[in-house]
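**Q** Let me begin by handing over the structure; questions about it come next.
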Amino acid sequence: MADQLIRATAAHNGIRAVGVITTDLTETARLRHNLSPLATDALGRTMAAGLLLASSMKQPQGRVSLRVRGSGPLRGLMVDAGRDGTVRGYVHNPLAELPLNLAGQQDVGRALGAGYLFVMRDLGYGQPFTSTVELVTGEVGDDVAYFLVSSDQTPSALALGVYADQDGVKGAGGLLIQVLPKAARDEALVALVESRCQHLTGFTPLLRSGQTLPEILDSLLGDLGLHILPEVQDLRFSCRCSFDRVLGALKMLGTAELQDMIETDEGAEAVCDFCGEVYQATVGQLGDLIQELQQNELQQNELQQNELQQNPALTEGV
């Protein structure tokens, strides 16, 4: 099944549900970052969570960033997801490994340890909104659900999962169910949804059993007036890095640092944290940057001299 996102409502629009399949994009991240199975699971869950959160944004250019800082061997991770269905991310320690937990699964909670979840919502205009919560379990799903309850006061259930073997990622995705404010006063409805979501033993077992997203949603909300919206959104791992951005960052180092790179390293290399793409800048390209900086400096001096000539009063007292 291709990576995709579907949306649904239930209980007369009192419940919002979103499901994602993220198998291919999680495999892409595994390959790009050479992730261990443990790091693959942690990053895969968080990328699915980021896409689920971004799906509620109104503006097409809206984005959500999830950053986890923890005391465990993974040390933390970063994910950037967009309303447009793109996502990227990385793990601080991509080779981290731990024994499986008592359930025979990757011990993501122990791998992240104690720490904090930072959530930034960029609406595409104005200043982004940032919130911080302590990690509840480190299992990602519980922590993001806790953020939604504490920050948005929206009862939410989140199921995330990644299934991988030695050959790669075989299944990944997630499901978000929220009781919206107008229905949250119905305590019986909230209790019913919570009860059903608690029986979810994980998301990937549902995928491995052959169930589709609509079938999974129907099993949870089918008797509550479930309405699956017809639009199916494609999802993909995509990074916004480029060689032009790398050159722009190098230029900010200044002429002295660039000259040192030419003389010492005979060029420069930059690696994107988000996607692992490697960019090489040659001696000639670094020389062009130095020449551009020198020309800019010369133009600035000329402008200052012209301004002083046109306004002699500026030199008084100097």
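We label chains A, B, ... in the order they appear in the structure tokens, count residues from 1 in each chain, and number ligands from 1 in the order shown.
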Between range 180-233 of chain A and range 17-20 of chain A, at 12 Å or less, what are the per-residue closest atom pairs and their distances in Å? Count only C-alpha atoms, order by chain and rising residue number, and return it as JSON lines.
**A**
```
{"residue": "A:Leu180", "atom": "CA", "partner": "A:Ala17", "partner_atom": "CA", "distance": 10.3}
{"residue": "A:Val193", "atom": "CA", "partner": "A:Ala17", "partner_atom": "CA", "distance": 11.3}
{"residue": "A:Cys197", "atom": "CA", "partner": "A:Ala17", "partner_atom": "CA", "distance": 11.9}
{"residue": "A:Phe203", "atom": "CA", "partner": "A:Gly19", "partner_atom": "CA", "distance": 10.1}
{"residue": "A:Thr204", "atom": "CA", "partner": "A:Val20", "partner_atom": "CA", "distance": 11.3}
{"residue": "A:Leu207", "atom": "CA", "partner": "A:Val20", "partner_atom": "CA", "distance": 11.0}
{"residue": "A:Thr212", "atom": "CA", "partner": "A:Gly19", "partner_atom": "CA", "distance": 9.9}
{"residue": "A:Leu213", "atom": "CA", "partner": "A:Gly19", "partner_atom": "CA", "distance": 6.3}
{"residue": "A:Pro214", "atom": "CA", "partner": "A:Gly19", "partner_atom": "CA", "distance": 8.5}
{"residue": "A:Glu215", "atom": "CA", "partner": "A:Gly19", "partner_atom": "CA", "distance": 10.9}
{"residue": "A:Ile216", "atom": "CA", "partner": "A:Gly19", "partner_atom": "CA", "distance": 8.9}
{"residue": "A:Leu217", "atom": "CA", "partner": "A:Ala17", "partner_atom": "CA", "distance": 7.9}
{"residue": "A:Asp218", "atom": "CA", "partner": "A:Ala17", "partner_atom": "CA", "distance": 10.8}
{"residue": "A:Leu220", "atom": "CA", "partner": "A:Ala17", "partner_atom": "CA", "distance": 10.2}
{"residue": "A:Leu221", "atom": "CA", "partner": "A:Ala17", "partner_atom": "CA", "distance": 9.2}
{"residue": "A:Gly222", "atom": "CA", "partner": "A:Ala17", "partner_atom": "CA", "distance": 11.8}
{"residue": "A:Leu226", "atom": "CA", "partner": "A:Ala17", "partner_atom": "CA", "distance": 9.4}
{"residue": "A:His227", "atom": "CA", "partner": "A:Ala17", "partner_atom": "CA", "distance": 9.7}
{"residue": "A:Ile228", "atom": "CA", "partner": "A:Ala17", "partner_atom": "CA", "distance": 8.9}
{"residue": "A:Leu229", "atom": "CA", "partner": "A:Val18", "partner_atom": "CA", "distance": 10.1}
{"residue": "A:Glu231", "atom": "CA", "partner": "A:Val18", "partner_atom": "CA", "distance": 11.8}
{"residue": "A:Val232", "atom": "CA", "partner": "A:Val20", "partner_atom": "CA", "distance": 10.0}
{"residue": "A:Gln233", "atom": "CA", "partner": "A:Val20", "partner_atom": "CA", "distance": 9.2}
```
**Q** Just the selected residues (C-alpha atoms), exported as a PDB file, in the first residue's frame, please.
**A**
```
ATOM      1  CA  LEU A 180     -13.647  17.747  19.340  1.00  0.00           C
ATOM      2  CA  VAL A 193     -13.801   6.242  22.402  1.00  0.00           C
ATOM      3  CA  CYS A 197      -8.641   2.953  21.690  1.00  0.00           C
ATOM      4  CA  PHE A 203      -0.896  -0.063  14.810  1.00  0.00           C
ATOM      5  CA  THR A 204       1.427  -2.314  12.850  1.00  0.00           C
ATOM      6  CA  LEU A 207      -1.433  -3.522   9.004  1.00  0.00           C
ATOM      7  CA  THR A 212      -6.647  -1.128   5.245  1.00  0.00           C
ATOM      8  CA  LEU A 213      -7.011   2.302   6.833  1.00  0.00           C
ATOM      9  CA  PRO A 214     -10.761   2.463   6.100  1.00  0.00           C
ATOM     10  CA  GLU A 215     -11.236  -0.994   7.635  1.00  0.00           C
ATOM     11  CA  ILE A 216      -9.321  -0.012  10.759  1.00  0.00           C
ATOM     12  CA  LEU A 217     -11.395   3.139  11.167  1.00  0.00           C
ATOM     13  CA  ASP A 218     -14.618   1.224  10.552  1.00  0.00           C
ATOM     14  CA  LEU A 220     -13.354   1.612  15.769  1.00  0.00           C
ATOM     15  CA  LEU A 221     -15.996   4.114  14.687  1.00  0.00           C
ATOM     16  CA  GLY A 222     -18.266   2.335  12.225  1.00  0.00           C
ATOM     17  CA  LEU A 226     -18.294   7.146  10.421  1.00  0.00           C
ATOM     18  CA  HIS A 227     -17.774   9.232   7.278  1.00  0.00           C
ATOM     19  CA  ILE A 228     -14.485   8.777   5.436  1.00  0.00           C
ATOM     20  CA  LEU A 229     -13.626  11.781   3.310  1.00  0.00           C
ATOM     21  CA  GLU A 231      -9.614  12.746  -0.611  1.00  0.00           C
ATOM     22  CA  VAL A 232      -6.555  10.531  -0.194  1.00  0.00           C
ATOM     23  CA  GLN A 233      -3.325  12.477   0.302  1.00  0.00           C
TER      24      GLN A 233
END
```
**Q** Where in range 3-178 of chain A does DSSP assign strand (DSSP E), given as number ranges by chain?
**A** A: 4-10, 15-21, 63-70, 76-82, 86-91, 115-122, 129-134, 156-165, 168-178
**Q** I'd like the neighbourhood of range 148-155 of chain A as a ChimeraX atom specification, where a residue qualifies if any of its atoms comes within 8 Å (using only C-alpha atoms), though same-chain residues fewer than 5 positions away should be ignored.
**A** /A:131,178-181,184,190
**Q** Go ahead and save the picked residues with all heavy atoms, as a PDB file, in the first residue's frame.
**A**
```pdb
ATOM      1  N   SER A 131       5.291  24.775  22.050  1.00  0.00           N
ATOM      2  CA  SER A 131       4.863  24.226  23.336  1.00  0.00           C
ATOM      3  C   SER A 131       5.852  23.155  23.769  1.00  0.00           C
ATOM      4  O   SER A 131       6.486  22.501  22.933  1.00  0.00           O
ATOM      5  CB  SER A 131       3.460  23.616  23.233  1.00  0.00           C
ATOM      6  OG  SER A 131       2.508  24.571  22.819  1.00  0.00           O
ATOM      7  N   GLN A 178      -9.638  12.108  17.775  1.00  0.00           N
ATOM      8  CA  GLN A 178      -9.853  13.214  18.696  1.00  0.00           C
ATOM      9  C   GLN A 178     -11.341  13.482  18.878  1.00  0.00           C
ATOM     10  O   GLN A 178     -12.101  13.488  17.900  1.00  0.00           O
ATOM     11  CB  GLN A 178      -9.179  14.483  18.179  1.00  0.00           C
ATOM     12  CG  GLN A 178      -7.664  14.396  18.091  1.00  0.00           C
ATOM     13  CD  GLN A 178      -7.058  15.678  17.574  1.00  0.00           C
ATOM     14  OE1 GLN A 178      -7.233  16.038  16.418  1.00  0.00           O
ATOM     15  NE2 GLN A 178      -6.328  16.393  18.440  1.00  0.00           N
ATOM     16  N   VAL A 179     -11.739  13.702  20.114  1.00  0.00           N
ATOM     17  CA  VAL A 179     -13.096  14.155  20.412  1.00  0.00           C
ATOM     18  C   VAL A 179     -13.057  15.675  20.445  1.00  0.00           C
ATOM     19  O   VAL A 179     -12.403  16.272  21.301  1.00  0.00           O
ATOM     20  CB  VAL A 179     -13.593  13.593  21.747  1.00  0.00           C
ATOM     21  CG1 VAL A 179     -15.024  14.057  22.008  1.00  0.00           C
ATOM     22  CG2 VAL A 179     -13.531  12.067  21.752  1.00  0.00           C
ATOM     23  N   LEU A 180     -13.723  16.299  19.502  1.00  0.00           N
ATOM     24  CA  LEU A 180     -13.647  17.747  19.340  1.00  0.00           C
ATOM     25  C   LEU A 180     -14.426  18.465  20.442  1.00  0.00           C
ATOM     26  O   LEU A 180     -15.298  17.866  21.093  1.00  0.00           O
ATOM     27  CB  LEU A 180     -14.167  18.130  17.957  1.00  0.00           C
ATOM     28  CG  LEU A 180     -13.379  17.493  16.792  1.00  0.00           C
ATOM     29  CD1 LEU A 180     -13.968  17.904  15.454  1.00  0.00           C
ATOM     30  CD2 LEU A 180     -11.907  17.863  16.871  1.00  0.00           C
ATOM     31  N   PRO A 181     -14.122  19.743  20.670  1.00  0.00           N
ATOM     32  CA  PRO A 181     -14.704  20.462  21.821  1.00  0.00           C
ATOM     33  C   PRO A 181     -16.212  20.374  21.921  1.00  0.00           C
ATOM     34  O   PRO A 181     -16.763  20.248  23.019  1.00  0.00           O
ATOM     35  CB  PRO A 181     -14.238  21.905  21.586  1.00  0.00           C
ATOM     36  CG  PRO A 181     -12.939  21.751  20.857  1.00  0.00           C
ATOM     37  CD  PRO A 181     -13.124  20.564  19.964  1.00  0.00           C
ATOM     38  N   ALA A 184     -16.893  17.033  23.405  1.00  0.00           N
ATOM     39  CA  ALA A 184     -16.125  16.629  24.574  1.00  0.00           C
ATOM     40  C   ALA A 184     -16.947  16.677  25.853  1.00  0.00           C
ATOM     41  O   ALA A 184     -16.587  16.052  26.850  1.00  0.00           O
ATOM     42  CB  ALA A 184     -14.886  17.516  24.719  1.00  0.00           C
ATOM     43  N   VAL A 190     -16.889  10.240  25.160  1.00  0.00           N
ATOM     44  CA  VAL A 190     -15.452  10.251  25.424  1.00  0.00           C
ATOM     45  C   VAL A 190     -15.010   8.924  26.026  1.00  0.00           C
ATOM     46  O   VAL A 190     -13.988   8.348  25.620  1.00  0.00           O
ATOM     47  CB  VAL A 190     -15.090  11.416  26.362  1.00  0.00           C
ATOM     48  CG1 VAL A 190     -13.614  11.339  26.764  1.00  0.00           C
ATOM     49  CG2 VAL A 190     -15.382  12.749  25.698  1.00  0.00           C
TER      50      VAL A 190
END
```
**Q** Set the distance at 6 Å and use only C-alpha atoms: which residues neighbour Ala172 in chain A once local chain neighbours fewer than 2 positions away are removed? I'd like the list as a VMD selection string.
**A** chain A and resid 22 to 23 161 to 162
**Q** What does the file look like for those residues with all heavy atoms, as a CSV table (one decimal), in the first residue's frame?
**A**
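Writing done, so here's part-v7.csv:
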```
chain,number,residue,atom,x,y,z
A,22,THR,N,2.9,5.0,6.4
A,22,THR,CA,4.2,5.7,6.2
A,22,THR,C,5.4,4.7,6.0
A,22,THR,O,6.5,4.9,6.3
A,22,THR,CB,4.5,6.5,7.4
A,22,THR,OG1,4.5,5.7,8.6
A,22,THR,CG2,3.5,7.7,7.5
A,23,THR,N,5.0,3.5,5.4
A,23,THR,CA,6.0,2.4,5.3
A,23,THR,C,7.2,2.9,4.4
A,23,THR,O,8.4,2.7,4.8
A,23,THR,CB,5.4,1.2,4.7
A,23,THR,OG1,4.3,0.8,5.5
A,23,THR,CG2,6.4,0.0,4.6
A,161,GLY,N,3.1,2.9,15.0
A,161,GLY,CA,3.9,1.7,14.9
A,161,GLY,C,4.8,1.5,13.7
A,161,GLY,O,4.5,2.1,12.7
A,162,VAL,N,5.9,0.8,13.9
A,162,VAL,CA,6.8,0.5,12.9
A,162,VAL,C,7.2,-1.0,13.0
A,162,VAL,O,7.5,-1.5,14.1
A,162,VAL,CB,8.1,1.3,12.9
A,162,VAL,CG1,9.1,0.9,11.9
A,162,VAL,CG2,7.8,2.8,12.8
```
**Q** Which residue gives the smallest distance to Gly72 in chain A among A:Ser238, A:Asn93, A:Gln198, A:Asn296, with only C-alpha atoms counted?
**A** A:Asn93
**Q** If we count only C-alpha atoms and set the cut-off at 9 Å, which residues sit around range 292-294 of chain A, ignoring sequence neighbours fewer than 6 positions away in its own chain? Please answer as number ranges by chain.
**A** A: 251, 254-255
**Q** Restricted to all heavy atoms, what would the selected residues look like written as a PDB file, in the first residue's frame?
**A**
```pdb
ATOM      1  N   LYS A 251      28.838  31.053   2.844  1.00  0.00           N
ATOM      2  CA  LYS A 251      29.175  32.469   2.672  1.00  0.00           C
ATOM      3  C   LYS A 251      29.085  33.223   3.994  1.00  0.00           C
ATOM      4  O   LYS A 251      29.820  34.191   4.224  1.00  0.00           O
ATOM      5  CB  LYS A 251      28.248  33.097   1.622  1.00  0.00           C
ATOM      6  CG  LYS A 251      28.673  34.483   1.205  1.00  0.00           C
ATOM      7  CD  LYS A 251      28.010  34.907  -0.097  1.00  0.00           C
ATOM      8  CE  LYS A 251      26.509  35.047   0.058  1.00  0.00           C
ATOM      9  NZ  LYS A 251      25.898  35.643  -1.164  1.00  0.00           N
ATOM     10  N   GLY A 254      32.354  33.895   6.246  1.00  0.00           N
ATOM     11  CA  GLY A 254      33.285  34.992   6.028  1.00  0.00           C
ATOM     12  C   GLY A 254      34.496  34.585   5.214  1.00  0.00           C
ATOM     13  O   GLY A 254      34.788  33.398   5.032  1.00  0.00           O
ATOM     14  N   THR A 255      35.222  35.583   4.731  1.00  0.00           N
ATOM     15  CA  THR A 255      36.333  35.327   3.813  1.00  0.00           C
ATOM     16  C   THR A 255      37.482  34.568   4.471  1.00  0.00           C
ATOM     17  O   THR A 255      38.096  33.698   3.848  1.00  0.00           O
ATOM     18  CB  THR A 255      36.859  36.660   3.242  1.00  0.00           C
ATOM     19  OG1 THR A 255      37.208  37.530   4.327  1.00  0.00           O
ATOM     20  CG2 THR A 255      35.803  37.343   2.392  1.00  0.00           C
TER      21      THR A 255
END
```
**Q** Please identify which residues in range 54-228 of chain A DSSP calls helix (DSSP H, G or I) from the backbone, and express them as JSON, numbers by chain.
**A** {"A": [54, 108, 109, 110, 111, 112, 141, 142, 143, 144, 145, 146, 147, 148, 149, 150, 151, 152, 181, 182, 183, 184, 187, 188, 189, 190, 191, 192, 193, 194, 195, 196, 197, 198, 204, 205, 206, 207, 208, 213, 214, 215, 216, 217, 218, 219, 220, 221, 222, 223, 224]}
**Q** Neighbouring residues of Leu123 in chain A were defined as those with any atom within 12 Å, considering only C-alpha atoms; residues of the same chain fewer than 2 positions away were excluded. Please report them as a count of residues only.
**A** 22
**Q** What's around Gly168 in chain A at 12 Å? Count only C-alpha atoms, leave out sequence neighbours fewer than 4 positions away in its own chain, and write the answer as a count of residues only.
**A** 19
**Q** CA of Ala10 in chain A and CA of Leu52 in chain A are how many Å apart?
**A** 17.3 Å
**Q** Would you compute the distance between CA of Leu253 in chain A and CA of Glu297 in chain A? Give it in Å to one decimal.
**A**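 Between CA of Leu253 in chain A and CA of Glu297 in chain A the gap works out to 14.3 Å.
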**Q** For Ser195 in chain A, which residue among A:Gly174, A:Leu303, A:Arg240, A:Ala157 is the nearest when counting only C-alpha atoms?
**A**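 Among the listed residues, the smallest separation from Ser195 in chain A belongs to A:Ala157.
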**Q** How many Å separate CA of Glu302 in chain A from CA of Gly284 in chain A?
**A** 26.8 Å
**Q** When distances are computed from only C-alpha atoms, which of A:Val87, A:Leu160, A:Val169, A:Leu74 shows the smallest separation from Gly113 in chain A?
**A** A:Leu74
**Q** Looking at A:Cys241, A:Ala188, A:Ala81, A:Ile15, which one is nearest to Gly276 in chain A, with distances taken over only C-alpha atoms?
**A**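 Residue with the minimum atom-to-atom distance to Gly276 in chain A: A:Cys241.
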**Q** Ranking A:Leu5, A:Ala281, A:Cys239, A:Ala159 by minimum distance to Leu206 in chain A and counting only C-alpha atoms, which one comes first?
**A**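 Looking at the shortest contact to Leu206 in chain A, the residue is A:Ala159.
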